[in-house]
Amino acid sequence: ILPLLSSLLTAWPHPLAFQFATRSCPRVTHRCYALTKATKLRDLICSRHRQTLRATAPDGGAGGLQQIVENVKEGVSGERGQAYVAAQAFLVLCVLGGGVPLFGESLYIVAGPAAIAVGALMVAAAIYELGPSLSPWVTPAEISNELKTSGIFAYVRHPIYGGLLLFCFGLGIVSNSANRLVLTAVLYYLLELKSELEEVNLEAKYEAYRTY
């Protein structure tokens with residue numbers, strides 16, 4: 001009723017009669033005017049929404065899929081990082097499958113104990129090489145006046161950290177413990193931060209550390 005009345009009032013052929021009608025029922029005409037404005041606003045919002053959809057996906061879902069295919073074809077083979085994508089897909093499939101294909105059993109039997117043994121040897125060799133200079137802090141021991149670059153330190157800058165990570169990783173594999181593997185990853189992040197600060201202090205004390 002209200003839209004019909006509004007259209008009749010706005011299309012009234014006689015101005016004086018229209019003024020009389022609007023003065024006679026101001027509430028009705030006000031509601032008709034508000035309803036007309038709301039309808040126009042709704043149409044404007046819907047129109048802009050349709051324009052946005054057409055701009056983001058001009059050809060619909062098929063066009064978006066075609067663009068993804070074109071993105072895959074971009075770049076030069078060998079420079080797009082295919083190895084990372086392949087490794088990513090392989091690891092995700094291993095996680096979904098619950099193991100490593102073909103090497104699952106040998107991973108528990110060989111890789112776990114080997115990692116534990118190598119990690120323990122690295123830690124022992126580093127402790128032996130450091131001797132009295134061994135310190136748990138990020139600052140070098142005051143008694144240490146010589147930069148250690150021989151023995152295990154000729155091959156690894158942080159053999160204690162590396163050996164500790166290998167030992168924990170191997171223990172997680174042998175025990176088939178996901179919790180230990182996750183904690184080993186957290187330990188790796190912590191030792192990475194610690195080693196960065198430690199290297200800053202070593203470089204400040206030993207001039208040869210930058211070359212090393």
# chains A, B, ... in the order shown; residues from 1 in each chain; ligands from 1
>>> residues_around(residues="Ser135 in chain A", least_positions_apart="6", cutoff="12 Å", atoms="only C-alpha atoms", output="list in words")
Ala126, Ile127, Ala141, Glu142, Ile143, Ser144, Ile160 and Glu198 of chain A
>>> residues_around(residues="Gly119 in chain A", least_positions_apart="3", cutoff="8 Å", atoms="only C-alpha atoms", output="list in words")
Ala115, Ile116, Met122, Val123, Gly162, Gly163, Leu164, Leu165, Leu166 and Phe167 of chain A
>>> residues_around(residues="range 87-101 of chain A", least_positions_apart="6", cutoff="12 Å", atoms="only C-alpha atoms", output="ChimeraX atom specification")
/A:81,107-108,173,176,178
>>> residues_around(residues="Leu193 in chain A", least_positions_apart="6", cutoff="12 Å", atoms="only C-alpha atoms", output="number ranges by chain")
A: 138, 161, 186-187, 199-200
>>> write_last_selection(atoms="N, CA and C atoms", output="PDB file, in the first residue's frame")
ATOM      1  N   VAL A 138      76.548 -17.438  27.095  1.00  0.00           N
ATOM      2  CA  VAL A 138      76.741 -16.925  25.740  1.00  0.00           C
ATOM      3  C   VAL A 138      78.010 -16.079  25.646  1.00  0.00           C
ATOM      4  N   TYR A 161      75.937 -27.835  20.390  1.00  0.00           N
ATOM      5  CA  TYR A 161      74.533 -27.622  20.036  1.00  0.00           C
ATOM      6  C   TYR A 161      74.091 -28.628  18.966  1.00  0.00           C
ATOM      7  N   VAL A 186      61.674 -27.209  18.992  1.00  0.00           N
ATOM      8  CA  VAL A 186      61.692 -26.021  19.856  1.00  0.00           C
ATOM      9  C   VAL A 186      63.106 -25.761  20.371  1.00  0.00           C
ATOM     10  N   LEU A 187      63.819 -26.837  20.730  1.00  0.00           N
ATOM     11  CA  LEU A 187      65.201 -26.707  21.184  1.00  0.00           C
ATOM     12  C   LEU A 187      66.079 -26.139  20.079  1.00  0.00           C
ATOM     13  N   GLU A 199      77.773 -15.772  19.060  1.00  0.00           N
ATOM     14  CA  GLU A 199      78.709 -15.402  18.009  1.00  0.00           C
ATOM     15  C   GLU A 199      79.036 -13.914  18.036  1.00  0.00           C
ATOM     16  N   VAL A 200      78.079 -13.103  18.419  1.00  0.00           N
ATOM     17  CA  VAL A 200      78.353 -11.672  18.555  1.00  0.00           C
ATOM     18  C   VAL A 200      79.421 -11.441  19.622  1.00  0.00           C
TER      19      VAL A 200
END
>>> decode(residues="range 89-121 of chain A", atoms="N, CA, C and O atoms", output="mmCIF file, in the first residue's frame")
data_model
loop_
_atom_site.group_PDB
_atom_site.id
_atom_site.type_symbol
_atom_site.label_atom_id
_atom_site.label_comp_id
_atom_site.auth_asym_id
_atom_site.auth_seq_id
_atom_site.Cartn_x
_atom_site.Cartn_y
_atom_site.Cartn_z
ATOM 1 N N ALA A 89 55.539 -31.429 -0.485
ATOM 2 C CA ALA A 89 54.483 -32.399 -0.778
ATOM 3 C C ALA A 89 54.815 -33.768 -0.191
ATOM 4 O O ALA A 89 53.949 -34.454 0.362
ATOM 5 N N PHE A 90 56.084 -34.170 -0.285
ATOM 6 C CA PHE A 90 56.492 -35.475 0.244
ATOM 7 C C PHE A 90 56.297 -35.545 1.760
ATOM 8 O O PHE A 90 55.758 -36.528 2.285
ATOM 9 N N LEU A 91 56.701 -34.489 2.459
ATOM 10 C CA LEU A 91 56.571 -34.484 3.921
ATOM 11 C C LEU A 91 55.103 -34.464 4.345
ATOM 12 O O LEU A 91 54.723 -35.139 5.314
ATOM 13 N N VAL A 92 54.285 -33.706 3.636
ATOM 14 C CA VAL A 92 52.858 -33.676 3.969
ATOM 15 C C VAL A 92 52.231 -35.048 3.769
ATOM 16 O O VAL A 92 51.444 -35.523 4.601
ATOM 17 N N LEU A 93 52.608 -35.721 2.669
ATOM 18 C CA LEU A 93 52.089 -37.066 2.420
ATOM 19 C C LEU A 93 52.566 -38.052 3.484
ATOM 20 O O LEU A 93 51.814 -38.949 3.901
ATOM 21 N N CYS A 94 53.805 -37.904 3.927
ATOM 22 C CA CYS A 94 54.325 -38.776 4.996
ATOM 23 C C CYS A 94 53.558 -38.561 6.296
ATOM 24 O O CYS A 94 53.247 -39.509 7.027
ATOM 25 N N VAL A 95 53.256 -37.288 6.581
ATOM 26 C CA VAL A 95 52.491 -36.988 7.799
ATOM 27 C C VAL A 95 51.091 -37.583 7.706
ATOM 28 O O VAL A 95 50.579 -38.195 8.653
ATOM 29 N N LEU A 96 50.459 -37.420 6.538
ATOM 30 C CA LEU A 96 49.114 -37.963 6.368
ATOM 31 C C LEU A 96 49.125 -39.492 6.397
ATOM 32 O O LEU A 96 48.201 -40.115 6.930
ATOM 33 N N GLY A 97 50.176 -40.086 5.826
ATOM 34 C CA GLY A 97 50.261 -41.538 5.816
ATOM 35 C C GLY A 97 50.776 -42.149 7.090
ATOM 36 O O GLY A 97 50.659 -43.359 7.296
ATOM 37 N N GLY A 98 51.377 -41.331 7.951
ATOM 38 C CA GLY A 98 51.861 -41.824 9.233
ATOM 39 C C GLY A 98 53.221 -42.478 9.187
ATOM 40 O O GLY A 98 53.590 -43.218 10.105
ATOM 41 N N GLY A 99 54.021 -42.231 8.154
ATOM 42 C CA GLY A 99 55.351 -42.815 8.079
ATOM 43 C C GLY A 99 56.022 -42.498 6.772
ATOM 44 O O GLY A 99 55.436 -41.870 5.881
ATOM 45 N N VAL A 100 57.293 -42.932 6.665
ATOM 46 C CA VAL A 100 58.063 -42.714 5.445
ATOM 47 C C VAL A 100 58.007 -43.980 4.605
ATOM 48 O O VAL A 100 58.398 -45.051 5.074
ATOM 49 N N PRO A 101 57.522 -43.899 3.360
ATOM 50 C CA PRO A 101 57.416 -45.105 2.527
ATOM 51 C C PRO A 101 58.769 -45.763 2.282
ATOM 52 O O PRO A 101 59.772 -45.081 2.074
ATOM 53 N N LEU A 102 58.809 -47.087 2.336
ATOM 54 C CA LEU A 102 59.977 -47.920 2.042
ATOM 55 C C LEU A 102 61.070 -47.826 3.103
ATOM 56 O O LEU A 102 61.826 -48.778 3.293
ATOM 57 N N PHE A 103 61.186 -46.701 3.791
ATOM 58 C CA PHE A 103 62.268 -46.529 4.754
ATOM 59 C C PHE A 103 61.754 -46.391 6.183
ATOM 60 O O PHE A 103 62.511 -46.021 7.079
ATOM 61 N N GLY A 104 60.502 -46.687 6.396
ATOM 62 C CA GLY A 104 59.926 -46.483 7.715
ATOM 63 C C GLY A 104 60.610 -47.302 8.797
ATOM 64 O O GLY A 104 61.053 -46.777 9.818
ATOM 65 N N GLU A 105 60.754 -48.622 8.573
ATOM 66 C CA GLU A 105 61.360 -49.483 9.580
ATOM 67 C C GLU A 105 62.845 -49.201 9.747
ATOM 68 O O GLU A 105 63.368 -49.168 10.861
ATOM 69 N N SER A 106 63.548 -49.014 8.632
ATOM 70 C CA SER A 106 64.982 -48.745 8.736
ATOM 71 C C SER A 106 65.253 -47.413 9.415
ATOM 72 O O SER A 106 66.313 -47.207 10.016
ATOM 73 N N LEU A 107 64.287 -46.496 9.335
ATOM 74 C CA LEU A 107 64.453 -45.205 10.008
ATOM 75 C C LEU A 107 64.517 -45.399 11.512
ATOM 76 O O LEU A 107 65.313 -44.749 12.201
ATOM 77 N N TYR A 108 63.701 -46.298 12.044
ATOM 78 C CA TYR A 108 63.726 -46.566 13.482
ATOM 79 C C TYR A 108 64.982 -47.342 13.873
ATOM 80 O O TYR A 108 65.578 -47.113 14.913
ATOM 81 N N ILE A 109 65.393 -48.305 13.011
ATOM 82 C CA ILE A 109 66.474 -49.211 13.374
ATOM 83 C C ILE A 109 67.848 -48.573 13.186
ATOM 84 O O ILE A 109 68.756 -48.771 14.002
ATOM 85 N N VAL A 110 68.005 -47.780 12.105
ATOM 86 C CA VAL A 110 69.321 -47.251 11.753
ATOM 87 C C VAL A 110 69.453 -45.765 12.094
ATOM 88 O O VAL A 110 70.382 -45.361 12.807
ATOM 89 N N ALA A 111 68.553 -44.962 11.578
ATOM 90 C CA ALA A 111 68.700 -43.509 11.712
ATOM 91 C C ALA A 111 68.654 -43.056 13.158
ATOM 92 O O ALA A 111 69.445 -42.192 13.564
ATOM 93 N N GLY A 112 67.746 -43.628 13.945
ATOM 94 C CA GLY A 112 67.642 -43.217 15.342
ATOM 95 C C GLY A 112 68.902 -43.472 16.143
ATOM 96 O O GLY A 112 69.511 -42.538 16.681
ATOM 97 N N PRO A 113 69.361 -44.716 16.225
ATOM 98 C CA PRO A 113 70.595 -44.993 16.963
ATOM 99 C C PRO A 113 71.811 -44.278 16.383
ATOM 100 O O PRO A 113 72.706 -43.853 17.129
ATOM 101 N N ALA A 114 71.877 -44.147 15.045
ATOM 102 C CA ALA A 114 73.009 -43.446 14.441
ATOM 103 C C ALA A 114 73.041 -41.987 14.868
ATOM 104 O O ALA A 114 74.106 -41.434 15.179
ATOM 105 N N ALA A 115 71.884 -41.339 14.893
ATOM 106 C CA ALA A 115 71.827 -39.940 15.314
ATOM 107 C C ALA A 115 72.236 -39.796 16.770
ATOM 108 O O ALA A 115 72.950 -38.848 17.140
ATOM 109 N N ILE A 116 71.802 -40.717 17.611
ATOM 110 C CA ILE A 116 72.187 -40.667 19.026
ATOM 111 C C ILE A 116 73.689 -40.820 19.176
ATOM 112 O O ILE A 116 74.347 -40.077 19.925
ATOM 113 N N ALA A 117 74.276 -41.785 18.456
ATOM 114 C CA ALA A 117 75.718 -42.039 18.579
ATOM 115 C C ALA A 117 76.538 -40.862 18.060
ATOM 116 O O ALA A 117 77.477 -40.403 18.725
ATOM 117 N N VAL A 118 76.178 -40.336 16.888
ATOM 118 C CA VAL A 118 76.920 -39.214 16.319
ATOM 119 C C VAL A 118 76.782 -37.975 17.192
ATOM 120 O O VAL A 118 77.760 -37.242 17.423
ATOM 121 N N GLY A 119 75.584 -37.733 17.699
ATOM 122 C CA GLY A 119 75.381 -36.580 18.563
ATOM 123 C C GLY A 119 76.185 -36.664 19.837
ATOM 124 O O GLY A 119 76.815 -35.678 20.267
ATOM 125 N N ALA A 120 76.227 -37.834 20.451
ATOM 126 C CA ALA A 120 76.997 -38.003 21.684
ATOM 127 C C ALA A 120 78.482 -37.819 21.419
ATOM 128 O O ALA A 120 79.205 -37.194 22.222
ATOM 129 N N LEU A 121 79.002 -38.343 20.309
ATOM 130 C CA LEU A 121 80.411 -38.185 19.961
ATOM 131 C C LEU A 121 80.759 -36.719 19.707
ATOM 132 O O LEU A 121 81.843 -36.254 20.106
#
